[in-house]
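File shown here: structure-v7.pdb, holding PDB, N, CA and C atoms.
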```
ATOM      1  N   MET A  21      71.624 100.629  21.099
ATOM      2  CA  MET A  21      72.610 100.371  22.116
ATOM      3  C   MET A  21      72.638 101.553  23.087
ATOM      4  N   PRO A  22      72.499 101.304  24.403
ATOM      5  CA  PRO A  22      72.512 102.385  25.372
ATOM      6  C   PRO A  22      73.835 103.141  25.366
ATOM      7  N   ALA A  23      73.759 104.402  25.743
ATOM      8  CA  ALA A  23      74.961 105.222  25.821
ATOM      9  C   ALA A  23      75.912 104.634  26.857
ATOM     10  N   LYS A  24      77.210 104.751  26.615
ATOM     11  CA  LYS A  24      78.200 104.202  27.537
ATOM     12  C   LYS A  24      78.202 104.960  28.857
ATOM     13  N   ASN A  25      78.013 106.251  28.823
ATOM     14  CA  ASN A  25      77.954 107.086  30.019
ATOM     15  C   ASN A  25      76.541 107.635  30.129
ATOM     16  N   PRO A  26      75.686 106.990  30.934
ATOM     17  CA  PRO A  26      74.294 107.431  31.026
ATOM     18  C   PRO A  26      74.184 108.889  31.435
ATOM     19  N   THR A  27      73.298 109.599  30.767
ATOM     20  CA  THR A  27      73.055 110.994  31.065
ATOM     21  C   THR A  27      71.575 111.180  31.339
ATOM     22  N   ILE A  28      71.273 111.608  32.543
ATOM     23  CA  ILE A  28      69.891 111.900  32.916
ATOM     24  C   ILE A  28      69.746 113.410  32.930
ATOM     25  N   SER A  29      68.814 113.919  32.159
ATOM     26  CA  SER A  29      68.576 115.353  32.095
ATOM     27  C   SER A  29      67.352 115.702  32.915
ATOM     28  N   GLU A  30      67.554 116.586  33.879
ATOM     29  CA  GLU A  30      66.443 117.084  34.682
ATOM     30  C   GLU A  30      66.159 118.496  34.199
ATOM     31  N   ILE A  31      65.011 118.666  33.577
ATOM     32  CA  ILE A  31      64.637 119.966  33.039
ATOM     33  C   ILE A  31      64.292 120.881  34.210
ATOM     34  N   PRO A  32      64.844 122.083  34.247
ATOM     35  CA  PRO A  32      64.568 122.985  35.372
ATOM     36  C   PRO A  32      63.141 123.525  35.341
ATOM     37  N   ALA A  33      62.593 123.822  36.509
ATOM     38  CA  ALA A  33      61.249 124.395  36.602
ATOM     39  C   ALA A  33      61.262 125.880  36.233
ATOM     40  N   GLU A  34      62.441 126.526  36.359
ATOM     41  CA  GLU A  34      62.597 127.940  36.006
ATOM     42  C   GLU A  34      63.931 128.167  35.319
ATOM     43  N   ILE A  35      63.933 129.118  34.399
ATOM     44  CA  ILE A  35      65.167 129.573  33.756
ATOM     45  C   ILE A  35      65.148 131.084  33.801
ATOM     46  N   ASP A  36      66.180 131.676  34.391
ATOM     47  CA  ASP A  36      66.278 133.129  34.546
ATOM     48  C   ASP A  36      65.012 133.723  35.163
ATOM     49  N   GLY A  37      64.459 133.034  36.154
ATOM     50  CA  GLY A  37      63.280 133.523  36.867
ATOM     51  C   GLY A  37      61.956 133.303  36.152
ATOM     52  N   GLU A  38      61.992 132.723  34.969
ATOM     53  CA  GLU A  38      60.770 132.459  34.196
ATOM     54  C   GLU A  38      60.408 130.986  34.322
ATOM     55  N   LYS A  39      59.145 130.719  34.595
ATOM     56  CA  LYS A  39      58.663 129.350  34.731
ATOM     57  C   LYS A  39      58.730 128.616  33.386
ATOM     58  N   VAL A  40      59.237 127.409  33.404
ATOM     59  CA  VAL A  40      59.285 126.566  32.207
ATOM     60  C   VAL A  40      57.946 125.852  32.118
ATOM     61  N   VAL A  41      57.172 126.171  31.082
ATOM     62  CA  VAL A  41      55.833 125.593  30.942
ATOM     63  C   VAL A  41      55.710 124.651  29.754
ATOM     64  N   GLY A  42      56.722 124.644  28.898
ATOM     65  CA  GLY A  42      56.656 123.766  27.734
ATOM     66  C   GLY A  42      58.032 123.372  27.253
ATOM     67  N   ILE A  43      58.063 122.266  26.531
ATOM     68  CA  ILE A  43      59.289 121.811  25.889
ATOM     69  C   ILE A  43      59.063 122.018  24.400
ATOM     70  N   ASP A  44      59.876 122.857  23.813
ATOM     71  CA  ASP A  44      59.658 123.338  22.459
ATOM     72  C   ASP A  44      59.872 122.264  21.390
ATOM     73  N   ILE A  45      59.380 122.545  20.203
ATOM     74  CA  ILE A  45      59.545 121.680  19.037
ATOM     75  C   ILE A  45      61.036 121.443  18.803
ATOM     76  N   TYR A  46      61.427 120.189  18.639
ATOM     77  CA  TYR A  46      62.808 119.772  18.361
ATOM     78  C   TYR A  46      63.802 120.136  19.471
ATOM     79  N   ALA A  47      63.345 120.434  20.679
ATOM     80  CA  ALA A  47      64.227 120.884  21.761
ATOM     81  C   ALA A  47      65.394 119.928  22.022
ATOM     82  N   PHE A  48      65.138 118.640  22.032
ATOM     83  CA  PHE A  48      66.176 117.648  22.312
ATOM     84  C   PHE A  48      66.348 116.689  21.142
ATOM     85  N   ASN A  49      65.820 117.012  20.008
ATOM     86  CA  ASN A  49      65.856 116.151  18.835
ATOM     87  C   ASN A  49      67.271 115.636  18.550
ATOM     88  N   GLY A  50      67.403 114.323  18.441
ATOM     89  CA  GLY A  50      68.669 113.711  18.052
ATOM     90  C   GLY A  50      69.735 113.668  19.132
ATOM     91  N   GLN A  51      69.406 113.988  20.356
ATOM     92  CA  GLN A  51      70.391 113.960  21.451
ATOM     93  C   GLN A  51      70.596 112.518  21.894
ATOM     94  N   ARG A  52      71.554 111.864  21.325
ATOM     95  CA  ARG A  52      71.773 110.431  21.559
ATOM     96  C   ARG A  52      72.431 110.118  22.895
ATOM     97  N   VAL A  53      72.993 111.095  23.560
ATOM     98  CA  VAL A  53      73.668 110.837  24.828
ATOM     99  C   VAL A  53      72.674 110.757  26.000
ATOM    100  N   ILE A  54      71.487 111.293  25.841
ATOM    101  CA  ILE A  54      70.499 111.317  26.928
ATOM    102  C   ILE A  54      69.872 109.935  27.102
ATOM    103  N   THR A  55      69.901 109.423  28.341
ATOM    104  CA  THR A  55      69.278 108.134  28.632
ATOM    105  C   THR A  55      68.029 108.280  29.503
ATOM    106  N   GLY A  56      67.853 109.447  30.120
ATOM    107  CA  GLY A  56      66.681 109.673  30.955
ATOM    108  C   GLY A  56      66.316 111.142  31.007
ATOM    109  N   ILE A  57      65.022 111.416  31.139
ATOM    110  CA  ILE A  57      64.513 112.795  31.223
ATOM    111  C   ILE A  57      63.570 112.879  32.413
ATOM    112  N   ILE A  58      63.758 113.911  33.228
ATOM    113  CA  ILE A  58      62.844 114.205  34.331
ATOM    114  C   ILE A  58      62.251 115.581  34.053
ATOM    115  N   ILE A  59      60.941 115.619  33.915
ATOM    116  CA  ILE A  59      60.225 116.850  33.570
ATOM    117  C   ILE A  59      59.560 117.415  34.823
ATOM    118  N   PRO A  60      59.724 118.722  35.096
ATOM    119  CA  PRO A  60      59.160 119.301  36.318
ATOM    120  C   PRO A  60      57.649 119.533  36.229
ATOM    121  N   ASP A  61      57.029 119.726  37.392
ATOM    122  CA  ASP A  61      55.580 119.971  37.479
ATOM    123  C   ASP A  61      55.140 121.250  36.785
ATOM    124  N   SER A  62      56.047 122.160  36.522
ATOM    125  CA  SER A  62      55.680 123.423  35.866
ATOM    126  C   SER A  62      55.301 123.226  34.400
ATOM    127  N   VAL A  63      55.756 122.139  33.793
ATOM    128  CA  VAL A  63      55.530 121.889  32.363
ATOM    129  C   VAL A  63      54.107 121.398  32.112
ATOM    130  N   THR A  64      53.435 122.020  31.129
ATOM    131  CA  THR A  64      52.079 121.621  30.752
ATOM    132  C   THR A  64      52.013 121.034  29.344
ATOM    133  N   GLN A  65      53.082 121.249  28.550
ATOM    134  CA  GLN A  65      53.062 120.667  27.207
ATOM    135  C   GLN A  65      54.450 120.269  26.729
ATOM    136  N   ILE A  66      54.452 119.148  26.019
ATOM    137  CA  ILE A  66      55.650 118.641  25.360
ATOM    138  C   ILE A  66      55.314 118.692  23.876
ATOM    139  N   ASN A  67      55.950 119.597  23.164
ATOM    140  CA  ASN A  67      55.593 119.820  21.768
ATOM    141  C   ASN A  67      56.122 118.738  20.833
ATOM    142  N   GLU A  68      55.588 118.734  19.616
ATOM    143  CA  GLU A  68      55.944 117.712  18.640
ATOM    144  C   GLU A  68      57.451 117.659  18.405
ATOM    145  N   TYR A  69      57.924 116.449  18.245
ATOM    146  CA  TYR A  69      59.327 116.143  17.957
ATOM    147  C   TYR A  69      60.304 116.575  19.053
ATOM    148  N   ALA A  70      59.826 116.903  20.244
ATOM    149  CA  ALA A  70      60.682 117.413  21.319
ATOM    150  C   ALA A  70      61.854 116.480  21.635
ATOM    151  N   PHE A  71      61.596 115.178  21.658
ATOM    152  CA  PHE A  71      62.636 114.200  21.972
ATOM    153  C   PHE A  71      62.823 113.206  20.828
ATOM    154  N   ASN A  72      62.406 113.563  19.656
ATOM    155  CA  ASN A  72      62.496 112.713  18.480
ATOM    156  C   ASN A  72      63.950 112.280  18.251
ATOM    157  N   TYR A  73      64.144 111.024  17.927
ATOM    158  CA  TYR A  73      65.469 110.450  17.646
ATOM    159  C   TYR A  73      66.441 110.526  18.821
ATOM    160  N   CYS A  74      65.930 110.533  20.026
ATOM    161  CA  CYS A  74      66.794 110.357  21.206
ATOM    162  C   CYS A  74      66.920 108.848  21.380
ATOM    163  N   GLU A  75      67.752 108.252  20.560
ATOM    164  CA  GLU A  75      67.807 106.802  20.401
ATOM    165  C   GLU A  75      68.228 106.023  21.636
ATOM    166  N   ASN A  76      68.879 106.654  22.594
ATOM    167  CA  ASN A  76      69.305 105.969  23.807
ATOM    168  C   ASN A  76      68.436 106.318  25.009
ATOM    169  N   LEU A  77      67.383 107.073  24.786
ATOM    170  CA  LEU A  77      66.469 107.457  25.863
ATOM    171  C   LEU A  77      65.734 106.221  26.368
ATOM    172  N   GLU A  78      65.934 105.891  27.657
ATOM    173  CA  GLU A  78      65.351 104.693  28.240
ATOM    174  C   GLU A  78      64.150 104.980  29.127
ATOM    175  N   PHE A  79      64.144 106.139  29.802
ATOM    176  CA  PHE A  79      63.004 106.443  30.672
ATOM    177  C   PHE A  79      62.694 107.931  30.683
ATOM    178  N   VAL A  80      61.420 108.221  30.938
ATOM    179  CA  VAL A  80      60.939 109.600  31.015
ATOM    180  C   VAL A  80      59.986 109.698  32.195
ATOM    181  N   GLU A  81      60.152 110.731  33.002
ATOM    182  CA  GLU A  81      59.211 111.020  34.084
ATOM    183  C   GLU A  81      58.401 112.241  33.664
ATOM    184  N   ILE A  82      57.104 112.021  33.417
ATOM    185  CA  ILE A  82      56.200 113.089  32.986
ATOM    186  C   ILE A  82      55.222 113.369  34.119
ATOM    187  N   PRO A  83      55.152 114.611  34.596
ATOM    188  CA  PRO A  83      54.238 114.930  35.699
ATOM    189  C   PRO A  83      52.786 115.002  35.233
ATOM    190  N   ASP A  84      51.863 114.919  36.187
ATOM    191  CA  ASP A  84      50.433 115.018  35.884
ATOM    192  C   ASP A  84      50.054 116.378  35.292
ATOM    193  N   SER A  85      50.900 117.373  35.454
ATOM    194  CA  SER A  85      50.614 118.720  34.938
ATOM    195  C   SER A  85      50.615 118.771  33.410
ATOM    196  N   VAL A  86      51.252 117.802  32.752
ATOM    197  CA  VAL A  86      51.337 117.800  31.281
ATOM    198  C   VAL A  86      49.967 117.467  30.695
ATOM    199  N   GLU A  87      49.459 118.400  29.887
ATOM    200  CA  GLU A  87      48.140 118.259  29.256
ATOM    201  C   GLU A  87      48.235 117.920  27.782
ATOM    202  N   LEU A  88      49.404 118.153  27.177
ATOM    203  CA  LEU A  88      49.568 117.945  25.741
ATOM    204  C   LEU A  88      50.921 117.308  25.459
ATOM    205  N   ILE A  89      50.896 116.232  24.687
ATOM    206  CA  ILE A  89      52.117 115.630  24.163
ATOM    207  C   ILE A  89      51.951 115.605  22.652
ATOM    208  N   GLY A  90      52.813 116.347  21.970
ATOM    209  CA  GLY A  90      52.695 116.517  20.529
ATOM    210  C   GLY A  90      53.062 115.282  19.730
ATOM    211  N   VAL A  91      52.719 115.329  18.465
ATOM    212  CA  VAL A  91      52.985 114.248  17.517
ATOM    213  C   VAL A  91      54.473 113.935  17.489
ATOM    214  N   ARG A  92      54.800 112.665  17.564
ATOM    215  CA  ARG A  92      56.172 112.155  17.507
ATOM    216  C   ARG A  92      57.099 112.829  18.520
ATOM    217  N   ALA A  93      56.551 113.255  19.644
ATOM    218  CA  ALA A  93      57.374 113.847  20.701
ATOM    219  C   ALA A  93      58.468 112.884  21.136
ATOM    220  N   PHE A  94      58.170 111.576  21.069
ATOM    221  CA  PHE A  94      59.137 110.547  21.431
ATOM    222  C   PHE A  94      59.359 109.590  20.263
ATOM    223  N   GLY A  95      59.224 110.091  19.049
ATOM    224  CA  GLY A  95      59.397 109.267  17.855
ATOM    225  C   GLY A  95      60.827 108.755  17.733
ATOM    226  N   ALA A  96      60.973 107.528  17.304
ATOM    227  CA  ALA A  96      62.267 106.879  17.071
ATOM    228  C   ALA A  96      63.119 106.778  18.335
ATOM    229  N   CYS A  97      62.465 106.733  19.486
ATOM    230  CA  CYS A  97      63.179 106.507  20.761
ATOM    231  C   CYS A  97      63.223 104.991  20.972
ATOM    232  N   LYS A  98      64.135 104.351  20.288
ATOM    233  CA  LYS A  98      64.209 102.892  20.223
ATOM    234  C   LYS A  98      64.446 102.199  21.573
ATOM    235  N   ALA A  99      65.125 102.863  22.485
ATOM    236  CA  ALA A  99      65.476 102.240  23.756
ATOM    237  C   ALA A  99      64.462 102.527  24.866
ATOM    238  N   LEU A 100      63.421 103.300  24.564
ATOM    239  CA  LEU A 100      62.455 103.718  25.585
ATOM    240  C   LEU A 100      61.745 102.524  26.196
ATOM    241  N   LYS A 101      61.902 102.377  27.520
ATOM    242  CA  LYS A 101      61.338 101.250  28.233
ATOM    243  C   LYS A 101      60.298 101.660  29.271
ATOM    244  N   GLU A 102      60.428 102.884  29.774
ATOM    245  CA  GLU A 102      59.564 103.272  30.897
ATOM    246  C   GLU A 102      59.168 104.742  30.813
ATOM    247  N   ILE A 103      57.860 104.981  30.942
ATOM    248  CA  ILE A 103      57.330 106.333  31.051
ATOM    249  C   ILE A 103      56.470 106.365  32.298
ATOM    250  N   THR A 104      56.798 107.261  33.227
ATOM    251  CA  THR A 104      55.997 107.393  34.440
ATOM    252  C   THR A 104      55.455 108.794  34.532
TER     253      THR A 104
END
```

With the file now loaded, output its structure as structure tokens.
Amino acid sequence: MPAKNPTISEIPAEIDGEKVVGIDIYAFNGQRVITGIIIPDSVTQINEYAFNYCENLEFVEIPDSVELIGVRAFGACKALKEIT
């Protein structure tokens, strides 16, 4: 069942002046409130289990810069309908 209040998370390209190049293991694991993720061009890898069990996640925007998507990065994302 989708979250009642959709939450789209836009991952920043930089944090404290440092370029975000990867999404760490279990970074968003189990975050049921997230319905969408937008990943910036700076990211080159999405590590294993990064979005595992984000059960209300419906869409993900992955840039061409991503070279690696780890095992079960989107495991158990039951509502996932669109990946661009």

Find, counting all atoms listed in the file, the residue in A:Ile59, A:Ile89, A:Val41, A:Ile54 that gets nearest to Asn76 (chain A).
-> A:Ile54

A:Phe48, A:Thr27, A:Glu34, A:Ile58: which is nearest Ile82 (chain A), counting all atoms listed in the file?
->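 Of A:Phe48, A:Thr27, A:Glu34, A:Ile58, the one nearest Ile82 (chain A) is A:Ile58, counting all atoms listed in the file.
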
Figure out the distance between atom N of Asp84 (chain A) and atom C of Asp36 (chain A), please, to one decimal in Å.
->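 Computed distance, atom C of Asp36 (chain A) to atom N of Asp84 (chain A), equals 23.0 Å.
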
Write out as a VMD selection string all residues of chain A that backbone DSSP assigns to strand (DSSP E or B).
-> chain A and resid 27 to 30 34 to 35 38 to 39 42 to 43 54 to 58 65 to 66 79 to 81 88 to 89 102 to 103

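Proximity to Ser62 (chain A) at 7 Å, evaluated using all atoms listed in the file and with sequence-adjacent residues fewer than 3 positions away removed, yields Ala33, Lys39, Val40, Val41, Gly42, Ile59, Gln65, Ser85 and Val86 of chain A.
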
Could you please determine the separation between CA of Glu87 (chain A) and CA of Gly37 (chain A) in Å, to one decimal place?
-> 22.8 Å

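Atom pair atom C of Leu77 (chain A) / CA of Glu38 (chain A) has a distance of 27.8 Å (rounded to one decimal).
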
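Nearest residue to Gln51 (chain A) among A:Ser29, A:Asn72, A:Thr104, A:Thr64 is A:Asn72, counting only N, CA and C atoms.
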
Resolved residues for the PyMOL selection byres ((chain A and resi 101) around 7) as a list in words = Leu77, Glu78, Phe79, Val80, Lys98, Ala99, Leu100, Glu102 and Ile103 of chain A

Set up a box along x, y and z of the file covering all listed atoms of region 54-63 of chain A, add 8 Å on every one of the six sides, and write the centre and edge lengths in Å to one decimal, as JSON.
```
{"center_x": 62.8, "center_y": 115.8, "center_z": 31.7, "size_x": 33.4, "size_y": 31.3, "size_z": 27.6}
```

Looking at all atoms listed in the file, which of A:Tyr69, A:Ile57, A:Ala96, A:Val91 is the one that sits closest to Ile28 (chain A)?
->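 Of the candidates, the smallest distance to Ile28 (chain A) is held by A:Ile57.
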
Would you mind putting back N, CA, C and O atoms on region 89-104 of chain A, then writing it out as a PDB file, in the frame of the given file?
```
ATOM      1  N   ILE A  89      50.896 116.232  24.687  1.00  0.00           N
ATOM      2  CA  ILE A  89      52.117 115.630  24.163  1.00  0.00           C
ATOM      3  C   ILE A  89      51.951 115.605  22.652  1.00  0.00           C
ATOM      4  O   ILE A  89      51.049 114.970  22.128  1.00  0.00           O
ATOM      5  N   GLY A  90      52.813 116.347  21.970  1.00  0.00           N
ATOM      6  CA  GLY A  90      52.695 116.517  20.529  1.00  0.00           C
ATOM      7  C   GLY A  90      53.062 115.282  19.730  1.00  0.00           C
ATOM      8  O   GLY A  90      53.661 114.330  20.231  1.00  0.00           O
ATOM      9  N   VAL A  91      52.719 115.329  18.465  1.00  0.00           N
ATOM     10  CA  VAL A  91      52.985 114.248  17.517  1.00  0.00           C
ATOM     11  C   VAL A  91      54.473 113.935  17.489  1.00  0.00           C
ATOM     12  O   VAL A  91      55.307 114.828  17.432  1.00  0.00           O
ATOM     13  N   ARG A  92      54.800 112.665  17.564  1.00  0.00           N
ATOM     14  CA  ARG A  92      56.172 112.155  17.507  1.00  0.00           C
ATOM     15  C   ARG A  92      57.099 112.829  18.520  1.00  0.00           C
ATOM     16  O   ARG A  92      58.304 112.954  18.296  1.00  0.00           O
ATOM     17  N   ALA A  93      56.551 113.255  19.644  1.00  0.00           N
ATOM     18  CA  ALA A  93      57.374 113.847  20.701  1.00  0.00           C
ATOM     19  C   ALA A  93      58.468 112.884  21.136  1.00  0.00           C
ATOM     20  O   ALA A  93      59.563 113.294  21.495  1.00  0.00           O
ATOM     21  N   PHE A  94      58.170 111.576  21.069  1.00  0.00           N
ATOM     22  CA  PHE A  94      59.137 110.547  21.431  1.00  0.00           C
ATOM     23  C   PHE A  94      59.359 109.590  20.263  1.00  0.00           C
ATOM     24  O   PHE A  94      59.687 108.422  20.461  1.00  0.00           O
ATOM     25  N   GLY A  95      59.224 110.091  19.049  1.00  0.00           N
ATOM     26  CA  GLY A  95      59.397 109.267  17.855  1.00  0.00           C
ATOM     27  C   GLY A  95      60.827 108.755  17.733  1.00  0.00           C
ATOM     28  O   GLY A  95      61.779 109.463  18.056  1.00  0.00           O
ATOM     29  N   ALA A  96      60.973 107.528  17.304  1.00  0.00           N
ATOM     30  CA  ALA A  96      62.267 106.879  17.071  1.00  0.00           C
ATOM     31  C   ALA A  96      63.119 106.778  18.335  1.00  0.00           C
ATOM     32  O   ALA A  96      64.340 106.735  18.265  1.00  0.00           O
ATOM     33  N   CYS A  97      62.465 106.733  19.486  1.00  0.00           N
ATOM     34  CA  CYS A  97      63.179 106.507  20.761  1.00  0.00           C
ATOM     35  C   CYS A  97      63.223 104.991  20.972  1.00  0.00           C
ATOM     36  O   CYS A  97      62.437 104.433  21.718  1.00  0.00           O
ATOM     37  N   LYS A  98      64.135 104.351  20.288  1.00  0.00           N
ATOM     38  CA  LYS A  98      64.209 102.892  20.223  1.00  0.00           C
ATOM     39  C   LYS A  98      64.446 102.199  21.573  1.00  0.00           C
ATOM     40  O   LYS A  98      64.034 101.077  21.760  1.00  0.00           O
ATOM     41  N   ALA A  99      65.125 102.863  22.485  1.00  0.00           N
ATOM     42  CA  ALA A  99      65.476 102.240  23.756  1.00  0.00           C
ATOM     43  C   ALA A  99      64.462 102.527  24.866  1.00  0.00           C
ATOM     44  O   ALA A  99      64.600 102.029  25.967  1.00  0.00           O
ATOM     45  N   LEU A 100      63.421 103.300  24.564  1.00  0.00           N
ATOM     46  CA  LEU A 100      62.455 103.718  25.585  1.00  0.00           C
ATOM     47  C   LEU A 100      61.745 102.524  26.196  1.00  0.00           C
ATOM     48  O   LEU A 100      61.103 101.739  25.500  1.00  0.00           O
ATOM     49  N   LYS A 101      61.902 102.377  27.520  1.00  0.00           N
ATOM     50  CA  LYS A 101      61.338 101.250  28.233  1.00  0.00           C
ATOM     51  C   LYS A 101      60.298 101.660  29.271  1.00  0.00           C
ATOM     52  O   LYS A 101      59.438 100.876  29.628  1.00  0.00           O
ATOM     53  N   GLU A 102      60.428 102.884  29.774  1.00  0.00           N
ATOM     54  CA  GLU A 102      59.564 103.272  30.897  1.00  0.00           C
ATOM     55  C   GLU A 102      59.168 104.742  30.813  1.00  0.00           C
ATOM     56  O   GLU A 102      60.006 105.613  30.616  1.00  0.00           O
ATOM     57  N   ILE A 103      57.860 104.981  30.942  1.00  0.00           N
ATOM     58  CA  ILE A 103      57.330 106.333  31.051  1.00  0.00           C
ATOM     59  C   ILE A 103      56.470 106.365  32.298  1.00  0.00           C
ATOM     60  O   ILE A 103      55.555 105.561  32.442  1.00  0.00           O
ATOM     61  N   THR A 104      56.798 107.261  33.227  1.00  0.00           N
ATOM     62  CA  THR A 104      55.997 107.393  34.440  1.00  0.00           C
ATOM     63  C   THR A 104      55.455 108.794  34.532  1.00  0.00           C
ATOM     64  O   THR A 104      55.976 109.703  33.935  1.00  0.00           O
TER      65      THR A 104
END
```
